[in-house]
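*Asks:* Got entry_9.txt for you, compact mmCIF, C-alpha atoms and all ligand atoms:
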```
# COMPACT_ATOMS: atom_id res chain seq x y z
CA VAL A 449 19.52 20.39 17.20
CA THR A 450 21.16 17.44 18.96
CA GLU A 451 18.08 15.23 18.45
CA GLY A 452 18.39 15.72 14.67
CA PHE A 453 16.80 17.36 11.63
CA LEU A 454 13.05 17.31 12.33
CA PRO A 455 11.85 16.44 8.79
CA LEU A 456 14.20 13.42 8.83
CA ARG A 457 12.94 12.34 12.28
CA GLU A 458 9.38 12.62 10.98
CA TRP A 459 10.28 10.53 7.92
CA VAL A 460 11.85 7.89 10.21
CA CYS A 461 8.49 7.49 12.01
CA GLY A 462 6.63 6.72 8.75
CA HIS A 463 9.46 4.54 7.47
CA ILE A 464 9.42 2.35 10.60
CA ALA A 465 5.60 2.19 10.50
CA SER A 466 5.79 0.93 6.89
CA PHE A 467 7.43 -2.37 7.83
CA ALA A 468 8.15 -2.79 11.55
CA GLY A 469 4.59 -2.80 12.93
CA PHE A 470 4.81 0.27 15.17
CA ARG A 471 4.85 4.03 14.64
CA PRO A 472 7.09 6.11 16.91
CA THR A 473 6.64 9.85 17.35
CA SER A 474 9.39 12.27 16.32
CA GLU A 475 10.05 13.09 20.02
CA GLN A 476 11.13 9.47 20.43
CA VAL A 477 13.70 9.65 17.62
CA LEU A 478 17.35 10.68 17.98
CA ILE A 479 19.50 10.89 14.84
CA THR A 480 22.95 9.42 15.49
CA THR A 481 26.23 9.33 13.58
CA GLY A 482 25.68 5.79 12.33
CA SER A 483 24.23 2.96 14.40
CA GLN A 484 27.68 2.46 15.81
CA GLN A 485 27.39 5.74 17.74
CA ALA A 486 24.00 4.64 19.08
CA LEU A 487 25.52 1.35 20.28
CA ASP A 488 28.23 3.31 22.08
CA LEU A 489 25.70 5.76 23.62
CA MET A 490 23.43 2.94 24.77
CA ALA A 491 26.35 1.06 26.31
CA ARG A 492 27.40 4.15 28.23
CA ALA A 493 23.92 5.39 29.20
CA PHE A 494 22.32 2.13 30.31
CA VAL A 495 25.13 0.01 31.61
CA ASP A 496 27.72 0.57 34.33
CA PRO A 497 31.16 -1.04 34.14
CA GLY A 498 30.88 -4.66 35.29
CA ASP A 499 27.14 -4.95 34.57
CA THR A 500 25.97 -7.80 32.37
CA VAL A 501 24.66 -7.38 28.81
CA LEU A 502 23.08 -10.41 27.14
CA ALA A 503 23.26 -11.00 23.39
CA GLU A 504 22.96 -13.68 20.74
CA ASN A 505 26.03 -15.87 20.41
CA PRO A 506 27.62 -15.21 17.90
CA ALA A 507 26.90 -11.45 17.91
CA TYR A 508 27.66 -8.40 15.73
CA PHE A 509 31.31 -7.49 16.25
CA GLY A 510 30.73 -3.70 16.38
CA ALA A 511 28.29 -4.20 19.26
CA ILE A 512 30.81 -6.42 21.03
CA GLN A 513 33.37 -3.61 20.65
CA ALA A 514 30.96 -0.94 21.98
CA PHE A 515 29.88 -2.98 25.01
CA ARG A 516 33.44 -4.09 25.79
CA ALA A 517 34.70 -0.49 25.52
CA ALA A 518 32.12 0.40 28.19
CA GLU A 519 33.66 -2.40 30.32
CA THR A 520 30.44 -4.40 30.49
CA LYS A 521 30.31 -8.16 30.88
CA LEU A 522 28.90 -9.56 27.63
CA VAL A 523 27.26 -12.96 27.95
CA GLY A 524 26.11 -15.02 24.96
CA VAL A 525 22.70 -16.71 24.96
CA ALA A 526 22.22 -19.85 22.86
CA SER A 527 20.05 -19.70 19.72
CA ASP A 528 18.70 -22.15 17.19
CA ALA A 529 17.41 -21.54 13.63
CA GLN A 530 14.35 -19.72 15.06
CA GLY A 531 16.41 -17.27 17.12
CA MET A 532 17.37 -16.92 20.77
CA LEU A 533 16.13 -19.72 23.04
CA PRO A 534 13.75 -18.40 25.74
CA GLY A 535 14.88 -21.08 28.23
CA ALA A 536 18.53 -20.18 27.69
CA LEU A 537 17.68 -16.48 28.16
CA GLU A 538 15.95 -17.17 31.45
CA GLU A 539 18.87 -19.26 32.64
CA ALA A 540 21.38 -16.57 31.62
CA ILE A 541 19.42 -13.90 33.54
CA GLN A 542 19.19 -16.07 36.65
CA SER A 543 22.81 -17.20 36.62
CA ALA A 544 24.41 -13.81 35.85
CA CYS A 545 27.08 -12.79 38.36
CA THR A 546 26.40 -9.03 37.99
CA PRO A 547 23.19 -7.00 37.39
CA VAL A 548 21.74 -7.70 33.92
CA LYS A 549 21.03 -4.31 32.33
CA LEU A 550 20.30 -4.91 28.64
CA LEU A 551 19.33 -7.57 26.13
CA TYR A 552 20.88 -6.76 22.73
CA LEU A 553 19.19 -8.45 19.74
CA VAL A 554 19.46 -8.35 15.94
CA PRO A 555 16.23 -10.22 15.02
CA ASN A 556 16.32 -9.70 11.22
CA PHE A 557 19.01 -11.34 9.06
CA GLN A 558 21.46 -11.17 11.90
CA ASN A 559 25.07 -10.17 11.46
CA PRO A 560 26.95 -12.58 11.31
CA THR A 561 24.62 -15.59 10.88
CA GLY A 562 21.84 -14.22 8.61
CA ALA A 563 19.29 -15.84 10.98
CA THR A 564 15.84 -14.31 11.54
CA MET A 565 13.88 -14.70 14.76
CA THR A 566 10.35 -16.06 14.21
CA MET A 567 7.31 -14.14 15.46
CA GLU A 568 6.63 -16.74 18.13
CA ARG A 569 10.21 -16.54 19.39
CA ARG A 570 10.05 -12.71 19.44
CA ARG A 571 6.98 -12.95 21.66
CA GLU A 572 8.55 -15.53 23.97
CA ILE A 573 11.79 -13.56 24.29
CA ALA A 574 9.89 -10.30 24.94
CA HIS A 575 7.82 -12.14 27.55
CA VAL A 576 10.87 -13.47 29.42
CA ALA A 577 12.53 -10.02 29.28
CA ALA A 578 9.35 -8.37 30.64
CA ARG A 579 9.12 -10.89 33.52
CA PHE A 580 12.64 -9.91 34.62
CA ASP A 581 12.19 -6.22 33.84
CA LEU A 582 15.07 -6.43 31.36
CA PRO A 583 15.16 -3.67 28.69
CA ILE A 584 15.49 -4.90 25.10
CA PHE A 585 17.73 -3.13 22.59
CA GLU A 586 16.62 -4.13 19.07
CA ASP A 587 19.17 -3.38 16.35
CA ASP A 588 17.58 -3.61 12.90
CA PRO A 589 19.89 -2.41 10.12
CA TYR A 590 18.74 -5.07 7.63
CA GLY A 591 14.95 -5.21 8.19
CA ARG A 592 14.12 -3.49 4.86
CA LEU A 593 16.35 -5.88 2.93
CA ARG A 594 14.00 -8.88 2.80
CA PHE A 595 14.17 -11.01 -0.36
CA SER A 596 11.95 -13.94 0.61
CA GLY A 597 9.49 -15.01 3.31
CA GLU A 598 6.93 -12.93 5.20
CA GLU A 599 7.66 -9.60 6.88
CA ILE A 600 7.83 -10.09 10.69
CA PRO A 601 6.94 -7.17 12.98
CA ALA A 602 9.69 -5.76 15.18
CA ILE A 603 9.98 -6.86 18.81
CA CYS A 604 9.34 -3.19 19.63
CA SER A 605 5.82 -3.56 18.19
CA LEU A 606 4.86 -6.11 20.87
CA PRO A 607 2.92 -4.98 23.94
CA GLU A 608 5.31 -7.02 26.16
CA ALA A 609 8.25 -4.94 24.86
CA GLY A 610 7.07 -1.62 26.28
CA THR A 611 10.52 -0.31 27.21
CA ALA A 612 12.38 -1.65 24.19
CA THR A 613 14.70 0.63 22.22
CA TYR A 614 14.93 0.34 18.43
CA LEU A 615 17.85 1.18 16.15
CA GLY A 616 17.72 1.72 12.37
CA THR A 617 20.24 3.13 9.89
CA SER A 618 20.58 4.55 6.38
CA SER A 619 23.83 2.59 5.99
CA LYS A 620 22.38 -0.57 4.44
CA ILE A 621 19.64 1.06 2.38
CA LEU A 622 21.51 4.14 1.15
CA ALA A 623 25.21 4.56 1.92
CA PRO A 624 27.25 3.63 5.00
CA GLY A 625 29.62 6.57 4.40
CA LEU A 626 26.90 9.11 5.20
CA ARG A 627 26.83 7.98 8.87
CA VAL A 628 23.14 8.69 9.52
CA ALA A 629 21.11 6.38 11.78
CA TRP A 630 18.12 6.63 14.13
CA LEU A 631 17.66 5.53 17.72
CA VAL A 632 14.02 5.21 18.84
CA VAL A 633 13.57 5.41 22.59
CA ARG A 634 10.03 4.58 23.71
CA ASP A 635 10.37 6.51 26.97
CA PRO A 636 11.67 9.99 25.90
CA SER A 637 12.85 10.65 29.48
CA LEU A 638 15.74 8.28 28.65
CA PHE A 639 17.02 11.00 26.33
CA GLU A 640 17.96 12.94 29.48
CA LYS A 641 20.87 10.51 29.77
CA ILE A 642 21.59 9.91 26.10
CA VAL A 643 21.41 13.46 24.68
CA PRO A 644 24.14 14.92 26.97
CA LEU A 645 26.38 11.97 26.07
CA LYS A 646 25.85 12.67 22.37
CA GLN A 647 26.48 16.37 22.92
CA ALA A 648 29.77 15.53 24.62
CA SER A 649 30.66 13.26 21.73
CA ASP A 650 29.78 15.32 18.61
CA LEU A 651 27.10 17.96 19.48
CA HIS A 652 24.91 16.63 16.65
CA THR A 653 25.11 14.48 13.56
CA SER A 654 26.15 16.50 10.50
CA ALA A 655 23.13 18.60 9.48
CA PHE A 656 24.42 18.46 5.90
CA THR A 657 24.39 14.66 5.65
CA GLN A 658 21.03 14.45 7.47
CA GLN A 659 19.57 16.70 4.77
CA ILE A 660 21.19 14.64 2.01
CA VAL A 661 19.55 11.52 3.44
CA HIS A 662 16.22 13.28 3.88
CA GLY A 663 16.36 14.71 0.34
CA PHE A 664 16.79 11.21 -1.06
CA VAL A 665 14.39 9.18 1.07
CA SER A 666 11.56 11.71 1.11
CA ASP A 667 11.14 11.30 -2.65
CA THR A 668 8.94 8.24 -2.14
CA THR A 669 9.05 7.08 -5.76
CA ARG A 670 12.81 7.36 -6.10
CA PHE A 671 13.50 5.77 -2.71
CA GLY A 672 10.99 2.99 -3.41
CA SER A 673 12.60 2.09 -6.73
CA HIS A 674 16.09 2.29 -5.18
CA LEU A 675 15.03 -0.19 -2.46
CA SER A 676 13.42 -2.51 -5.01
CA ALA A 677 16.60 -2.45 -7.10
CA LEU A 678 18.75 -3.24 -4.04
CA ILE A 679 16.48 -6.10 -3.01
CA ALA A 680 16.43 -7.57 -6.53
CA ALA A 681 20.23 -7.36 -6.86
CA TYR A 682 20.93 -8.81 -3.40
CA ARG A 683 18.38 -11.60 -3.92
CA GLU A 684 20.13 -12.60 -7.14
CA ARG A 685 23.52 -12.51 -5.36
CA ARG A 686 22.24 -14.54 -2.39
CA ASP A 687 20.73 -17.12 -4.74
CA ALA A 688 23.98 -17.32 -6.70
CA MET A 689 25.95 -17.93 -3.50
CA LEU A 690 23.53 -20.56 -2.19
CA ALA A 691 23.61 -22.36 -5.53
CA ALA A 692 27.43 -22.24 -5.66
CA LEU A 693 27.71 -23.54 -2.08
CA GLY A 694 25.41 -26.43 -3.01
CA ASP A 695 27.48 -27.18 -6.12
CA HIS A 696 30.96 -26.97 -4.63
CA MET A 697 31.16 -27.35 -0.85
CA PRO A 698 32.53 -30.65 0.44
CA GLU A 699 30.73 -33.04 2.81
CA GLY A 700 30.68 -31.89 6.41
CA CYS A 701 30.08 -28.17 5.64
CA THR A 702 26.75 -26.50 6.44
CA TRP A 703 25.48 -22.95 5.91
CA THR A 704 22.50 -20.74 6.71
CA ARG A 705 19.90 -19.65 4.10
CA PRO A 706 19.04 -16.04 4.99
CA ASP A 707 15.78 -14.45 3.83
CA GLY A 708 17.49 -11.07 3.53
CA GLY A 709 20.41 -8.93 4.66
CA MET A 710 23.99 -9.34 3.48
CA PHE A 711 25.57 -12.35 5.14
CA LEU A 712 25.43 -16.08 5.53
CA TRP A 713 27.27 -18.25 8.03
CA VAL A 714 29.23 -21.36 7.20
CA THR A 715 30.21 -24.13 9.60
CA LEU A 716 33.20 -26.22 8.48
CA PRO A 717 34.27 -29.63 9.75
CA GLU A 718 35.52 -29.19 13.33
CA SER A 719 39.14 -29.86 12.45
CA ILE A 720 39.37 -26.73 10.24
CA ASP A 721 40.28 -23.35 11.72
CA ALA A 722 38.76 -20.57 9.56
CA THR A 723 41.38 -18.03 10.72
CA HIS A 724 44.15 -20.26 9.34
CA LEU A 725 42.11 -20.89 6.20
CA LEU A 726 41.94 -17.13 5.54
CA GLN A 727 45.73 -16.91 5.35
CA HIS A 728 45.68 -19.35 2.42
CA ALA A 729 42.54 -17.78 0.91
CA ARG A 730 44.31 -14.49 0.27
CA ALA A 731 46.76 -16.15 -2.13
CA HIS A 732 43.73 -17.29 -4.16
CA LYS A 733 42.26 -13.78 -4.17
CA ILE A 734 39.22 -14.66 -2.06
CA ALA A 735 38.26 -13.32 1.36
CA PHE A 736 35.78 -13.99 4.16
CA VAL A 737 35.52 -13.10 7.82
CA PRO A 738 36.58 -15.88 10.19
CA GLY A 739 33.88 -16.58 12.80
CA GLU A 740 36.07 -16.48 15.90
CA PRO A 741 35.72 -12.75 16.87
CA PHE A 742 31.90 -12.91 16.72
CA TRP A 743 31.65 -15.46 19.55
CA LEU A 744 31.11 -14.05 23.02
CA ASP A 745 32.49 -17.20 24.63
CA ALA A 746 33.59 -20.67 23.56
CA PRO A 747 34.51 -19.58 20.01
CA LYS A 748 33.80 -22.11 17.29
CA ARG A 749 36.87 -21.61 15.16
CA ASN A 750 35.41 -23.70 12.35
CA THR A 751 32.89 -20.97 11.44
CA LEU A 752 33.07 -18.10 8.95
CA ARG A 753 30.91 -15.28 7.60
CA LEU A 754 30.38 -14.84 3.87
CA ASN A 755 29.08 -11.60 2.38
CA PHE A 756 26.87 -12.16 -0.65
CA SER A 757 25.66 -8.60 -1.34
CA HIS A 758 28.97 -7.25 -2.66
CA THR A 759 29.92 -9.73 -5.35
CA PRO A 760 28.09 -9.79 -8.71
CA ALA A 761 26.34 -13.14 -9.20
CA ALA A 762 28.54 -14.02 -12.21
CA LYS A 763 31.71 -13.98 -10.03
CA THR A 764 30.33 -15.76 -6.97
CA GLY A 765 30.68 -19.29 -8.39
CA VAL A 766 34.42 -18.76 -9.01
CA GLY A 767 34.98 -17.55 -5.43
CA ILE A 768 33.00 -20.34 -3.81
CA ALA A 769 34.72 -22.98 -5.97
CA ARG A 770 38.12 -21.66 -4.78
CA LEU A 771 36.94 -21.66 -1.15
CA ALA A 772 35.64 -25.22 -1.49
CA ALA A 773 38.96 -26.37 -3.00
CA LEU A 774 40.86 -24.83 -0.06
CA ILE A 775 38.57 -26.57 2.45
CA ARG A 776 39.09 -29.90 0.64
CA GLY A 777 42.83 -29.33 0.88
CA CYS A 778 42.57 -28.97 4.69
CA SER A 779 40.27 -31.93 5.31
C1 LIG B 801 23.92 -5.44 13.34
C2 LIG B 801 24.59 -4.16 12.97
N1 LIG B 801 24.41 -3.08 13.74
C3 LIG B 801 25.00 -1.92 13.46
C4 LIG B 801 25.83 -1.78 12.36
C5 LIG B 801 26.52 -0.47 12.12
O1 LIG B 801 25.89 0.27 11.14
P1 LIG B 801 26.18 1.82 10.89
O2 LIG B 801 26.88 1.92 9.58
O3 LIG B 801 24.84 2.48 10.89
O4 LIG B 801 27.04 2.32 12.01
C6 LIG B 801 26.05 -2.88 11.52
C7 LIG B 801 26.97 -2.77 10.38
O5 LIG B 801 27.44 -3.72 9.81
C8 LIG B 801 25.41 -4.10 11.83
O6 LIG B 801 25.57 -5.20 11.09
```
Translate the structure of the given file into C-alpha cells.
Ligand SMILES: Cc1ncc(COP(=O)(O)O)c(C=O)c1O
*Replies:*
Amino acid sequence: VTEGFLPLREWVCGHIASFAGFRPTSEQVLITTGSQQALDLMARAFVDPGDTVLAENPAYFGAIQAFRAAETKLVGVASDAQGMLPGALEEAIQSACTPVKLLYLVPNFQNPTGATMTMERRREIAHVAARFDLPIFEDDPYGRLRFSGEEIPAICSLPEAGTATYLGTSSKILAPGLRVAWLVVRDPSLFEKIVPLKQASDLHTSAFTQQIVHGFVSDTTRFGSHLSALIAAYRERRDAMLAALGDHMPEGCTWTRPDGGMFLWVTLPESIDATHLLQHARAHKIAFVPGEPFWLDAPKRNTLRLNFSHTPAAKTGVGIARLAALIRGCS
C-alpha cells in the first residue's frame, strides 16, 4: 500500500498524540522513505517552479536542497532566540516577488541552530500564516529528544494552523538507515497530489523496514526505555559540550544552549571564516559543519554547527579545547 503499513500508521497517530498535542487519524498519515522524501514530495506537490517558500534563516540544508531542486525561490525569515519573528514573516509575505506557497518550519531544536520556538511565538506565527492563507509545513524530527525545559505542543495542534502539514521520522529515535518517516496531512484530499508522486518515485516505502520499525516501537516498554536511554546519553553529551565551550572558547564567541536535539550553533568573531577554519581542523582530527550552506541569503561565514550527540562526553572536552586553540590562532 503506497500510504504505508497500517499498524505503523496507527502507531504514528498515538505516538504524535503522546507529545505533540494533537492526534491525527491513520487516513492522514503517509509513510515516506525518510523525511527527506517527504520534503521532496511536498516541494513538488505544493510549489511550482519560481514560487516562493519561506523558512527560518539559517535552515536545514536537506530542505534547502529539496526546495531548490524543485526550482522554488527560498526566502529566509529572521528569527531571534524565541523563533521566527512574526513581523519579519509578515514583511516577507508582503514583499515576496512571486506567490508564497509554503512556510517551512523546524520549531523544536532546529537543525542547525538548536533553537526552539516558544508557545507564544508558535501562536503568533500560525496567526500570521492563517491571515495570509499560507500553509505551514512543520518538520519535527527532534521533538521526542527533549532533555530539559517543558514540552511545547506542535504548531499543528493550534486551531489557527488548520491546514498545516506535520513531518516526523524514525531516523533520530531509532536508526536513520531504516529510512522510515511519516507525513501527516490534515486534509487527506492533498494525498491526491502526493500519493501519485510517491508512486512514481518508489511505489511505497519498503514494507520490510516499515515492519521492523513497527516491531520495535510497538513494544511500548522496550521503546520507552530506548528513548529514555537516548535522552539520558544525549543530555550528558550536550552538558559536556556546553561545559567545555564555557571552559575553553575565547572571548567573542557565542553559542546556543539547546533543550534537546543533536546540534548547537556557534558564532565566531566576524573576522573568522568557519569554512577556512575547517581546513585546519582536519589536521587536528576534529570536525564541524561550517555555517555558510545553511544560510538562505547573506551567509554569516563566521558561524558553525557542532553535533553533540555523537561524541561520548569524555572525549568532548579534548575536541572543544582543540577547536578553541584553532580559533585563538586565527584571532
Ligand atoms: C530538520 C530535518 N528534517 C529532516 C531530516 C531528514 O531526516 P530523515 O533521515 O528522516 O530523512 C533531518 C536530518 O538531519 C533534519 O535535521
*Asks:* Name all residues at most 12 Å from range 715-728 of chain A (count only C-alpha atoms; drop same-chain ones fewer than 2 positions away) and give them as a ChimeraX atom specification.
*Replies:* /A:561,693,697-704,712-713,730-741,747-754,770-779
*Asks:* For ligand LIG 801 (chain B), which of A:Pro706, A:Gly663, A:Gly591, A:Gly524 is the closest residue, counting all atoms listed in the file?
*Replies:*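 Closest to ligand LIG 801 (chain B) of all the choices is A:Gly591.
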*Asks:* What does the list of residues within 7 Å of ligand LIG 801 (chain B) look like if you count all atoms listed in the file, written as a list in words?
*Replies:*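 Protein and nucleic-acid residues within 7 Å of ligand LIG 801 (chain B): Gly482, Ser483, Gln484, Gln485, Tyr508, Gly510, Ala511, Val554, Gln558, Asn559, Asp587, Asp588, Pro589, Thr617, Ser618, Ser619, Pro624, Arg627, Val628 and Ala629 of chain A.
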*Asks:* So, with all atoms listed in the file as the atoms that count, which of A:Val665, A:Ala688, A:Val714, A:Ala677 lies closest to Val766 in chain A?
*Replies:*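 Under the stated criterion, the closest residue is A:Ala688.
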*Asks:* Could you check the closest approach to Gly616 in chain A for each of A:Arg705, A:Arg592, A:Lys549, A:His662 and tell me which residue wins, using only C-alpha atoms?
*Replies:*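 Checking each candidate against Gly616 in chain A, we get A:Arg592 as the closest.
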